[in-house]
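What follows is query_39.tsv (TSV, C-alpha atoms).
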chain	number	residue	atom	x	y	z
A	783	MET	CA	89.07	78.80	117.20
A	784	SER	CA	91.93	80.60	118.90
A	785	ASP	CA	93.72	83.72	117.74
A	786	LEU	CA	97.20	83.57	116.25
A	787	VAL	CA	99.93	84.67	118.67
A	788	THR	CA	103.34	85.94	117.64
A	789	GLY	CA	106.62	85.11	119.33
A	790	ASP	CA	106.35	88.28	121.41
A	791	ALA	CA	102.98	87.18	122.82
A	792	VAL	CA	101.08	89.73	120.73
A	793	VAL	CA	97.61	88.52	119.69
A	794	LEU	CA	96.94	88.54	115.96
A	795	GLY	CA	93.63	90.17	115.14
A	796	LEU	CA	92.70	87.97	112.15
A	797	ARG	CA	91.74	84.32	112.46
A	798	PRO	CA	92.66	81.64	109.92
A	799	ALA	CA	89.84	80.17	107.86
A	800	ARG	CA	89.11	76.47	108.19
A	801	VAL	CA	88.04	73.76	105.76
A	802	PRO	CA	84.22	74.23	105.78
A	803	SER	CA	84.26	77.96	105.02
A	804	ARG	CA	87.05	77.60	102.46
A	805	ALA	CA	85.23	74.72	100.74
A	806	LEU	CA	82.02	76.75	100.55
A	807	ALA	CA	83.89	79.73	99.09
A	808	TYR	CA	85.57	77.48	96.50
A	809	VAL	CA	82.23	75.91	95.48
A	810	LEU	CA	80.69	79.37	95.02
A	811	ASP	CA	83.66	80.47	92.90
A	812	LEU	CA	83.46	77.27	90.85
A	813	VAL	CA	79.75	77.78	90.15
A	814	VAL	CA	80.39	81.33	88.97
A	815	TYR	CA	83.30	80.23	86.76
A	816	LEU	CA	81.26	77.39	85.21
A	817	LEU	CA	78.37	79.71	84.42
A	818	ALA	CA	80.73	82.15	82.77
A	819	TYR	CA	82.37	79.28	80.87
A	820	LEU	CA	79.00	78.07	79.55
A	821	ILE	CA	78.12	81.56	78.34
A	822	VAL	CA	81.49	81.89	76.61
A	823	MET	CA	81.21	78.44	75.02
A	824	ILE	CA	77.77	79.23	73.61
A	825	GLY	CA	79.27	82.25	71.89
A	826	LEU	CA	82.24	80.22	70.67
A	827	VAL	CA	79.99	77.57	69.14
A	828	PHE	CA	78.52	80.13	66.78
A	829	ALA	CA	81.91	81.75	66.17
A	830	MET	CA	83.61	78.41	65.36
A	831	ALA	CA	80.88	77.09	63.08
A	832	GLU	CA	83.08	77.47	60.01
A	833	LEU	CA	86.26	76.01	61.61
A	834	ASP	CA	87.41	72.43	61.26
A	835	ASP	CA	87.36	69.89	64.10
A	836	ALA	CA	91.03	70.41	65.05
A	837	ALA	CA	90.61	74.16	65.45
A	838	GLN	CA	87.45	73.70	67.48
A	839	ALA	CA	89.21	71.22	69.80
A	840	ALA	CA	92.15	73.61	70.26
A	841	VAL	CA	89.87	76.50	71.15
A	842	THR	CA	87.92	74.31	73.57
A	843	VAL	CA	91.07	73.13	75.36
A	844	ALA	CA	92.45	76.67	75.56
A	845	SER	CA	89.16	77.92	77.01
A	846	GLY	CA	89.20	75.15	79.62
A	847	LEU	CA	92.75	75.98	80.71
A	848	LEU	CA	91.87	79.65	80.90
A	849	LEU	CA	88.94	78.81	83.17
A	850	VAL	CA	90.91	76.46	85.42
A	851	VAL	CA	94.12	78.47	85.81
A	852	GLY	CA	93.92	81.92	84.27
A	853	VAL	CA	90.61	83.19	85.66
A	854	PRO	CA	91.28	82.33	89.37
A	855	ILE	CA	94.76	83.89	89.18
A	856	ALA	CA	93.42	87.06	87.55
A	857	VAL	CA	90.54	87.36	90.03
A	858	GLU	CA	92.75	86.95	93.13
A	859	THR	CA	95.31	89.38	91.74
A	860	LEU	CA	92.82	92.10	90.83
A	861	THR	CA	90.77	91.76	94.02
A	862	HIS	CA	93.80	91.33	96.32
A	863	GLY	CA	92.64	87.95	97.60
A	864	ARG	CA	88.89	88.55	97.62
A	865	SER	CA	87.14	86.39	95.05
A	866	LEU	CA	83.35	86.38	94.87
A	867	GLY	CA	83.08	83.20	96.96
A	868	LYS	CA	85.54	84.44	99.58
A	869	LEU	CA	83.78	87.80	99.72
A	870	ALA	CA	80.46	86.04	100.35
A	871	CYS	CA	82.00	83.91	103.13
A	872	GLY	CA	83.95	86.77	104.70
A	873	LEU	CA	87.37	85.36	103.75
A	874	ARG	CA	90.47	86.85	102.20
A	875	VAL	CA	93.88	85.63	101.04
A	876	VAL	CA	96.76	87.59	102.62
A	877	ARG	CA	100.50	87.22	102.93
A	878	ASP	CA	102.06	85.64	106.00
A	879	ASP	CA	102.71	89.14	107.37
A	880	GLY	CA	99.11	90.23	106.86
A	881	GLY	CA	99.71	92.32	103.71
A	882	PRO	CA	97.82	92.06	100.40
A	883	ILE	CA	98.86	89.40	97.90
A	884	ARG	CA	100.30	90.15	94.47
A	885	PHE	CA	100.46	88.31	91.15
A	886	ARG	CA	103.23	85.89	92.14
A	887	HIS	CA	101.25	84.71	95.16
A	888	ALA	CA	98.10	84.18	93.09
A	889	LEU	CA	100.13	82.40	90.39
A	890	VAL	CA	101.57	79.85	92.82
A	891	ARG	CA	98.20	79.30	94.50
A	892	GLY	CA	96.41	78.87	91.18
A	893	SER	CA	99.03	76.51	89.75
A	894	MET	CA	99.02	74.29	92.83
A	895	GLY	CA	95.23	74.42	92.95
A	896	VAL	CA	95.01	72.48	89.69
A	897	VAL	CA	96.58	69.48	91.44
A	898	GLU	CA	95.18	70.02	94.94
A	899	LEU	CA	91.60	70.95	94.07
A	900	LEU	CA	90.77	69.70	90.58
A	901	MET	CA	92.87	66.62	89.80
A	902	THR	CA	92.32	65.12	93.28
A	903	PHE	CA	88.79	66.54	93.80
A	904	GLY	CA	89.99	68.62	96.76
A	905	SER	CA	91.18	65.67	98.83
A	906	VAL	CA	94.82	66.79	98.98
A	907	ALA	CA	93.86	70.35	99.90
A	908	CYS	CA	91.45	69.10	102.56
A	909	ILE	CA	94.07	66.83	104.17
A	910	ALA	CA	96.73	69.56	104.08
A	911	SER	CA	94.37	72.12	105.64
A	912	LEU	CA	93.34	69.75	108.41
A	913	ALA	CA	96.98	68.90	109.18
A	914	SER	CA	98.10	72.55	109.18
A	915	GLU	CA	97.78	74.50	112.41
A	916	ARG	CA	96.81	77.61	110.42
A	917	GLY	CA	94.58	75.78	107.94
A	918	ARG	CA	96.89	76.25	104.96
A	919	ARG	CA	96.90	74.02	101.90
A	920	ILE	CA	100.05	73.20	99.94
A	921	GLY	CA	99.57	76.15	97.59
A	922	ASP	CA	99.46	78.52	100.57
A	923	VAL	CA	102.68	77.05	101.96
A	924	PHE	CA	104.60	77.52	98.70
A	925	ALA	CA	103.09	80.95	98.03
A	926	GLY	CA	103.62	82.23	101.59
A	927	THR	CA	99.94	83.09	101.99
A	928	LEU	CA	97.14	82.52	104.48
A	929	VAL	CA	93.36	82.55	104.13
A	930	VAL	CA	91.85	84.50	107.01
A	931	ARG	CA	88.41	85.44	108.23
A	932	GLU	CA	87.70	89.12	107.82
A	933	ARG	CA	84.27	89.07	109.48
A	934	VAL	CA	84.69	87.69	113.00
A	935	PRO	CA	81.75	88.18	115.42
A	936	GLY	CA	82.79	90.30	118.39
A	937	ALA	CA	86.27	90.97	116.98
A	938	ARG	CA	87.63	94.15	115.48
A	939	VAL	CA	90.82	94.47	113.50
A	940	MET	CA	92.89	97.33	114.88
A	941	PRO	CA	94.63	99.47	112.26
A	942	VAL	CA	98.30	100.34	112.53
A	943	PRO	CA	98.55	103.83	114.09
A	944	PRO	CA	100.00	106.51	111.80
A	945	PRO	CA	103.50	107.84	112.48
A	946	PRO	CA	104.10	111.36	113.81
A	947	PRO	CA	103.75	113.97	111.04
A	948	TRP	CA	107.35	115.11	111.43
A	949	LEU	CA	108.50	111.61	110.36
A	950	ALA	CA	106.55	111.63	107.08
A	951	GLY	CA	108.79	110.62	104.19
A	952	ARG	CA	111.95	110.37	106.31
A	953	PHE	CA	112.50	106.69	105.39
A	954	ALA	CA	111.72	106.86	101.67
A	955	GLY	CA	115.22	105.66	100.80
A	956	LEU	CA	115.39	102.85	103.37
A	957	ASP	CA	116.19	99.37	102.00
A	958	LEU	CA	113.47	97.04	103.31
A	959	SER	CA	114.26	94.04	101.12
A	960	GLY	CA	116.16	92.23	103.89
A	961	VAL	CA	113.36	92.39	106.48
A	962	PRO	CA	111.67	88.96	106.82
A	963	ASP	CA	107.90	88.55	106.90
A	964	GLY	CA	108.02	87.24	110.46
A	965	LEU	CA	109.52	90.48	111.73
A	966	TRP	CA	106.95	92.55	109.83
A	967	LEU	CA	104.18	90.50	111.41
A	968	ALA	CA	105.59	90.97	114.92
A	969	ILE	CA	105.96	94.74	114.40
A	970	ARG	CA	102.48	95.08	112.94
A	971	GLN	CA	100.83	93.22	115.79
A	972	TYR	CA	102.81	95.11	118.43
A	973	LEU	CA	101.70	98.45	116.97
A	974	THR	CA	98.05	97.41	116.91
A	975	ARG	CA	98.19	96.18	120.53
A	976	MET	CA	100.70	98.56	122.12
A	977	ALA	CA	97.99	100.44	124.02
A	978	GLN	CA	96.95	97.21	125.76
A	979	LEU	CA	100.44	96.34	127.03
A	980	ASP	CA	102.13	97.33	130.25
A	981	PRO	CA	104.16	100.50	129.59
A	982	GLN	CA	107.49	98.97	130.65
A	983	VAL	CA	106.87	95.74	128.75
A	984	GLY	CA	105.73	97.66	125.69
A	985	ALA	CA	108.79	99.91	125.79
A	986	ALA	CA	111.16	96.95	126.00
A	987	MET	CA	109.33	95.16	123.16
A	988	ALA	CA	109.44	98.28	120.98
A	989	ALA	CA	113.18	98.70	121.59
A	990	ARG	CA	113.86	95.05	120.75
A	991	LEU	CA	111.79	95.16	117.55
A	992	ALA	CA	113.39	98.45	116.50
A	993	ASP	CA	116.89	97.03	117.06
A	994	ASP	CA	116.00	93.98	114.95
A	995	LEU	CA	114.64	96.23	112.20
A	996	VAL	CA	117.76	98.40	112.21
A	997	ALA	CA	119.94	95.29	111.97
A	998	ARG	CA	117.96	94.04	108.96
A	999	THR	CA	118.01	97.34	107.09
A	1000	GLY	CA	121.68	98.04	107.78
A	1001	THR	CA	120.96	101.71	108.57
A	1002	PRO	CA	121.94	103.27	111.93
A	1003	PRO	CA	119.03	104.21	114.22
A	1004	PRO	CA	117.97	107.85	113.85
A	1005	ALA	CA	118.88	109.92	116.90
A	1006	GLY	CA	116.06	111.38	118.94
A	1007	VAL	CA	113.27	109.20	117.49
A	1008	PRO	CA	111.29	107.00	119.92
A	1009	ALA	CA	111.35	103.29	119.09
A	1010	ALA	CA	107.57	103.05	118.65
A	1011	ALA	CA	107.50	106.11	116.38
A	1012	TYR	CA	110.34	104.62	114.32
A	1013	LEU	CA	108.38	101.38	113.87
A	1014	MET	CA	105.24	103.28	112.85
A	1015	ALA	CA	107.12	105.32	110.26
A	1016	VAL	CA	108.85	102.31	108.69
A	1017	VAL	CA	105.63	100.25	108.56
A	1018	HIS	CA	103.86	103.23	106.99
A	1019	GLU	CA	106.63	103.49	104.40
A	1020	ARG	CA	106.29	99.82	103.50
A	1021	GLN	CA	102.51	100.08	103.22
A	1022	SER	CA	102.92	103.10	100.95
A	1023	ARG	CA	105.29	101.16	98.69
A	1024	ASP	CA	102.93	98.18	98.56
A	1025	ALA	CA	100.03	100.46	97.67
A	1026	ALA	CA	102.07	102.15	94.95
A	1027	ARG	CA	102.96	98.77	93.40
A	1028	ALA	CA	99.44	97.40	93.74
A	1029	PHE	CA	97.64	100.34	92.19
A	1030	ALA	CA	100.45	101.56	89.90
A	1031	GLY	CA	100.10	105.06	91.27
A	1032	THR	CA	101.94	107.44	93.49
A	1033	VAL	CA	102.68	106.56	97.08
A	1034	PRO	CA	99.82	107.90	99.22
A	1035	GLY	CA	100.99	110.15	101.99
A	1036	GLY	CA	104.56	109.82	100.79
A	1037	THR	CA	105.32	113.54	100.48
A	1038	PRO	CA	108.36	114.15	102.63
A	1039	GLY	CA	108.04	116.68	105.38
A	1040	ALA	CA	110.34	119.62	105.75
A	1041	ALA	CA	113.88	118.52	106.47
A	1042	PRO	CA	115.65	119.62	109.66
A	1043	VAL	CA	117.65	122.81	109.27
A	1044	GLY	CA	120.97	123.52	110.92
A	1045	ALA	CA	122.75	120.14	110.87
A	1046	PRO	CA	122.90	117.14	108.50
A	1047	GLY	CA	121.13	113.83	109.10
A	1048	TRP	CA	119.29	113.16	112.34
A	1049	ALA	CA	121.68	115.02	114.62
A	1050	SER	CA	119.28	117.88	115.23
A	1051	ALA	CA	115.72	118.93	114.59
A	1052	PRO	CA	114.02	122.34	114.47
A	1053	ALA	CA	111.75	123.48	117.21
A	1054	SER	CA	108.75	122.94	114.93
A	1055	VAL	CA	108.27	121.36	111.53
A	1056	PRO	CA	105.44	122.53	109.25
A	1057	VAL	CA	103.49	119.49	108.12
A	1058	PRO	CA	100.93	119.52	105.26
A	1059	VAL	CA	97.67	118.05	106.54
A	1060	PRO	CA	94.23	117.80	104.94
A	1061	VAL	CA	92.75	120.75	106.87
A	1062	ALA	CA	92.23	124.42	106.13
A	1063	ALA	CA	95.16	125.61	108.22
A	1064	PRO	CA	98.67	124.14	108.52
A	1065	VAL	CA	99.52	122.20	111.66
A	1066	THR	CA	102.86	122.51	113.42
A	1067	ALA	CA	104.19	119.34	115.04
A	1068	PRO	CA	107.06	119.60	117.57
A	1069	ALA	CA	110.13	117.52	116.91
A	1070	PRO	CA	112.05	115.81	119.71
A	1071	ALA	CA	115.37	117.12	120.93
A	1072	VAL	CA	118.64	115.39	120.13
A	1073	ALA	CA	119.16	112.18	122.10
A	1074	PRO	CA	120.36	108.70	121.18
A	1075	GLY	CA	117.89	107.02	123.55
A	1076	TYR	CA	114.20	106.38	122.95
A	1077	ALA	CA	111.12	107.29	124.90
A	1078	ASP	CA	108.47	105.05	126.38
A	1079	PRO	CA	105.78	104.69	123.65
A	1080	ALA	CA	103.01	104.76	126.27
A	1081	GLY	CA	104.07	108.20	127.53
A	1082	PRO	CA	104.97	111.49	125.84
A	1083	ALA	CA	107.56	111.29	123.08
A	1084	VAL	CA	110.34	112.80	125.24
A	1085	PRO	CA	113.87	111.53	124.47
A	1086	GLN	CA	115.56	109.58	127.24
A	1087	ALA	CA	119.03	110.15	128.52
A	1088	PRO	CA	121.78	108.42	126.52
A	1089	ARG	CA	122.10	104.75	127.51
A	1090	ASN	CA	123.18	102.69	124.55
A	1091	ARG	CA	124.56	104.38	121.47
A	1092	GLY	CA	124.45	101.14	119.50
A	1093	GLY	CA	120.66	100.69	119.44
A	1094	PHE	CA	117.23	101.37	120.92
A	1095	ALA	CA	117.39	101.31	124.73
A	1096	PRO	CA	114.13	100.99	126.70
A	1097	PRO	CA	113.59	103.22	129.73
A	1098	ALA	CA	114.52	101.86	133.13

structure tokens encoding of this file:
Amino acid sequence: MSDLVTGDAVVLGLRPARVPSRALAYVLDLVVYLLAYLIVMIGLVFAMAELDDAAQAAVTVASGLLLVVGVPIAVETLTHGRSLGKLACGLRVVRDDGGPIRFRHALVRGSMGVVELLMTFGSVACIASLASERGRRIGDVFAGTLVVRERVPGARVMPVPPPPPWLAGRFAGLDLSGVPDGLWLAIRQYLTRMAQLDPQVGAAMAARLADDLVARTGTPPPAGVPAAAYLMAVVHERQSRDAARAFAGTVPGGTPGAAPVGAPGWASAPASVPVPVPVAAPVTAPAPAVAPGYADPAGPAVPQAPRNRGGFAPPA
């Protein structure tokens, strides 16, 4: 089973799950749901002893629909794609860009699963998964999701590196609604594999991805920020927003750092910016000097000489 590869030849760390493992996970989930349904029905039999036949039939039908549709949707939403069967098989449902799913994704998957898995006894889902290069059934296609293997022998999922402390909170007001999932996936995989790339190739890839991201957000590139650091900060901002929506809490790590003093916007930066970190003493992180170019991400974050004022220019 080969790894997924993006358009920029960056290897995706997670592997798509195939029919056998997905079928086993679904059977385990179905057994758990049926056991829970039997326990609930035993309690309902005693509770509905005094009801007429019509009321008992209505309650029975409603309980069946809740089991078939409501319970799987609720479980995938609350566990972020890890049901009991998927957890036992080392699988997880994620978005196309690798992020956690939300209610709308679980709703589409659960609704389509009634037809794919139950009404056709899994034949439609099996055929669709075998025909799909990434093993997706029809519900995954409509929901924009993918079932991946989290436990891969000999493989390790690399986390996205954190942005420099002096960029914390700088992109809190950035509009990310126009960025497609494909671009997020390419950026994420570049950041997790940037240390393995040739410095010149990595710098050119970072500049190209940063230019694409700037074009999608409609915001000019910040002066003096390396392309790789810009990508890290924006990805961190999106992850913080997703976490805030998923857990209905505050954005973790979203406290903005001290703003530059002396000039508006990104035109200048102080010699040092105090950054709150979880240690006993404060840490001072140097900010780059003013320059419209961007540094090689493999080397020190030193601004390049001005080359292209309209975007991120890789070093020569």

Identify which of the residues A:Val961, A:Leu873, A:Val851, A:Leu816 lies closest to A:Val929, counting only C-alpha atoms when measuring atom-to-atom distances.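 Closest to A:Val929, using only C-alpha atoms: A:Leu873.
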
Could you check which of A:Gly1006, A:Gly895, A:Gly917, A:Gly881 is closest to A:Ala799, using all atoms listed in the file?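 The shortest atom-to-atom distance to A:Ala799 comes from A:Gly917.
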
Which protein, DNA or RNA residues have an atom at most 12 Å from (84.5, 78.9, 69.6), counting only C-alpha atoms? List them as a PyMOL selection string. chain A and resi 819-846

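Atom to atom, atom CA of A:Leu847 and atom CA of A:Cys908 stand 22.9 Å apart.
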
Within 10 Å of A:Val923 using only C-alpha atoms, minus same-chain residues under 6 positions, as a PyMOL selection string: chain A and resi 878+890-891+910+914

Which of these, A:Val930, A:Ala968, A:Ala988, A:Ala1028, has the shortest distance to A:Tyr1012 once you count all atoms listed in the file? A:Ala988

Rank nothing, just name the residue among A:Asp1024, A:Glu858, A:Asp879, A:Glu915 nearest to A:Arg800, using only C-alpha atoms. A:Glu915

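Pairwise distance (atom CA of A:Gly892, atom CA of A:Ser959) equals 25.4 Å.
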
With distances taken over only C-alpha atoms, which residue among A:Gly872, A:Gly955, A:Gly964, A:Gly904 lies nearest A:Arg919?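 Of A:Gly872, A:Gly955, A:Gly964, A:Gly904, the one nearest A:Arg919, counting only C-alpha atoms, is A:Gly904.
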
Given the choices A:Pro981, A:Gly863, A:Pro882, A:Pro1008, which gets closest to A:Pro945 if the distance is worked out from all atoms listed in the file?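 Closest candidate: A:Pro1008.
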
Would you fill out stretch 879-898 of chain A with N, CA and C atoms and return it as a JSON list (two decimals), in the coordinates of the input?
[["chain", "number", "residue", "atom", "x", "y", "z"],
["A", 879, "ASP", "N", 102.58, 87.98, 106.49],
["A", 879, "ASP", "CA", 102.71, 89.14, 107.37],
["A", 879, "ASP", "C", 101.45, 89.98, 107.43],
["A", 880, "GLY", "N", 100.38, 89.51, 106.81],
["A", 880, "GLY", "CA", 99.11, 90.23, 106.86],
["A", 880, "GLY", "C", 98.88, 91.21, 105.73],
["A", 881, "GLY", "N", 99.85, 91.38, 104.82],
["A", 881, "GLY", "CA", 99.71, 92.32, 103.71],
["A", 881, "GLY", "C", 98.94, 91.72, 102.54],
["A", 882, "PRO", "N", 98.56, 92.56, 101.56],
["A", 882, "PRO", "CA", 97.82, 92.06, 100.40],
["A", 882, "PRO", "C", 98.71, 91.24, 99.48],
["A", 883, "ILE", "N", 98.11, 90.25, 98.82],
["A", 883, "ILE", "CA", 98.86, 89.40, 97.90],
["A", 883, "ILE", "C", 99.05, 90.11, 96.57],
["A", 884, "ARG", "N", 100.04, 89.63, 95.81],
["A", 884, "ARG", "CA", 100.30, 90.15, 94.47],
["A", 884, "ARG", "C", 100.23, 89.00, 93.47],
["A", 885, "PHE", "N", 100.64, 89.28, 92.23],
["A", 885, "PHE", "CA", 100.46, 88.31, 91.15],
["A", 885, "PHE", "C", 101.22, 87.02, 91.42],
["A", 886, "ARG", "N", 102.44, 87.11, 91.94],
["A", 886, "ARG", "CA", 103.23, 85.89, 92.14],
["A", 886, "ARG", "C", 102.58, 84.97, 93.17],
["A", 887, "HIS", "N", 101.94, 85.55, 94.18],
["A", 887, "HIS", "CA", 101.25, 84.71, 95.16],
["A", 887, "HIS", "C", 100.04, 84.02, 94.53],
["A", 888, "ALA", "N", 99.27, 84.78, 93.74],
["A", 888, "ALA", "CA", 98.10, 84.18, 93.09],
["A", 888, "ALA", "C", 98.52, 83.14, 92.06],
["A", 889, "LEU", "N", 99.66, 83.36, 91.39],
["A", 889, "LEU", "CA", 100.13, 82.40, 90.39],
["A", 889, "LEU", "C", 100.49, 81.07, 91.03],
["A", 890, "VAL", "N", 101.20, 81.10, 92.15],
["A", 890, "VAL", "CA", 101.57, 79.85, 92.82],
["A", 890, "VAL", "C", 100.34, 79.15, 93.36],
["A", 891, "ARG", "N", 99.43, 79.90, 93.96],
["A", 891, "ARG", "CA", 98.20, 79.30, 94.50],
["A", 891, "ARG", "C", 97.36, 78.68, 93.39],
["A", 892, "GLY", "N", 97.21, 79.39, 92.27],
["A", 892, "GLY", "CA", 96.41, 78.87, 91.18],
["A", 892, "GLY", "C", 97.02, 77.65, 90.52],
["A", 893, "SER", "N", 98.36, 77.65, 90.37],
["A", 893, "SER", "CA", 99.03, 76.51, 89.75],
["A", 893, "SER", "C", 98.92, 75.26, 90.62],
["A", 894, "MET", "N", 99.15, 75.42, 91.92],
["A", 894, "MET", "CA", 99.02, 74.29, 92.83],
["A", 894, "MET", "C", 97.57, 73.85, 93.00],
["A", 895, "GLY", "N", 96.64, 74.78, 92.81],
["A", 895, "GLY", "CA", 95.23, 74.42, 92.95],
["A", 895, "GLY", "C", 94.75, 73.45, 91.90],
["A", 896, "VAL", "N", 95.40, 73.45, 90.72],
["A", 896, "VAL", "CA", 95.01, 72.48, 89.69],
["A", 896, "VAL", "C", 95.20, 71.06, 90.21],
["A", 897, "VAL", "N", 96.31, 70.82, 90.92],
["A", 897, "VAL", "CA", 96.58, 69.48, 91.44],
["A", 897, "VAL", "C", 95.80, 69.23, 92.72],
["A", 898, "GLU", "N", 95.80, 70.21, 93.63],
["A", 898, "GLU", "CA", 95.18, 70.02, 94.94],
["A", 898, "GLU", "C", 93.65, 69.94, 94.88]]
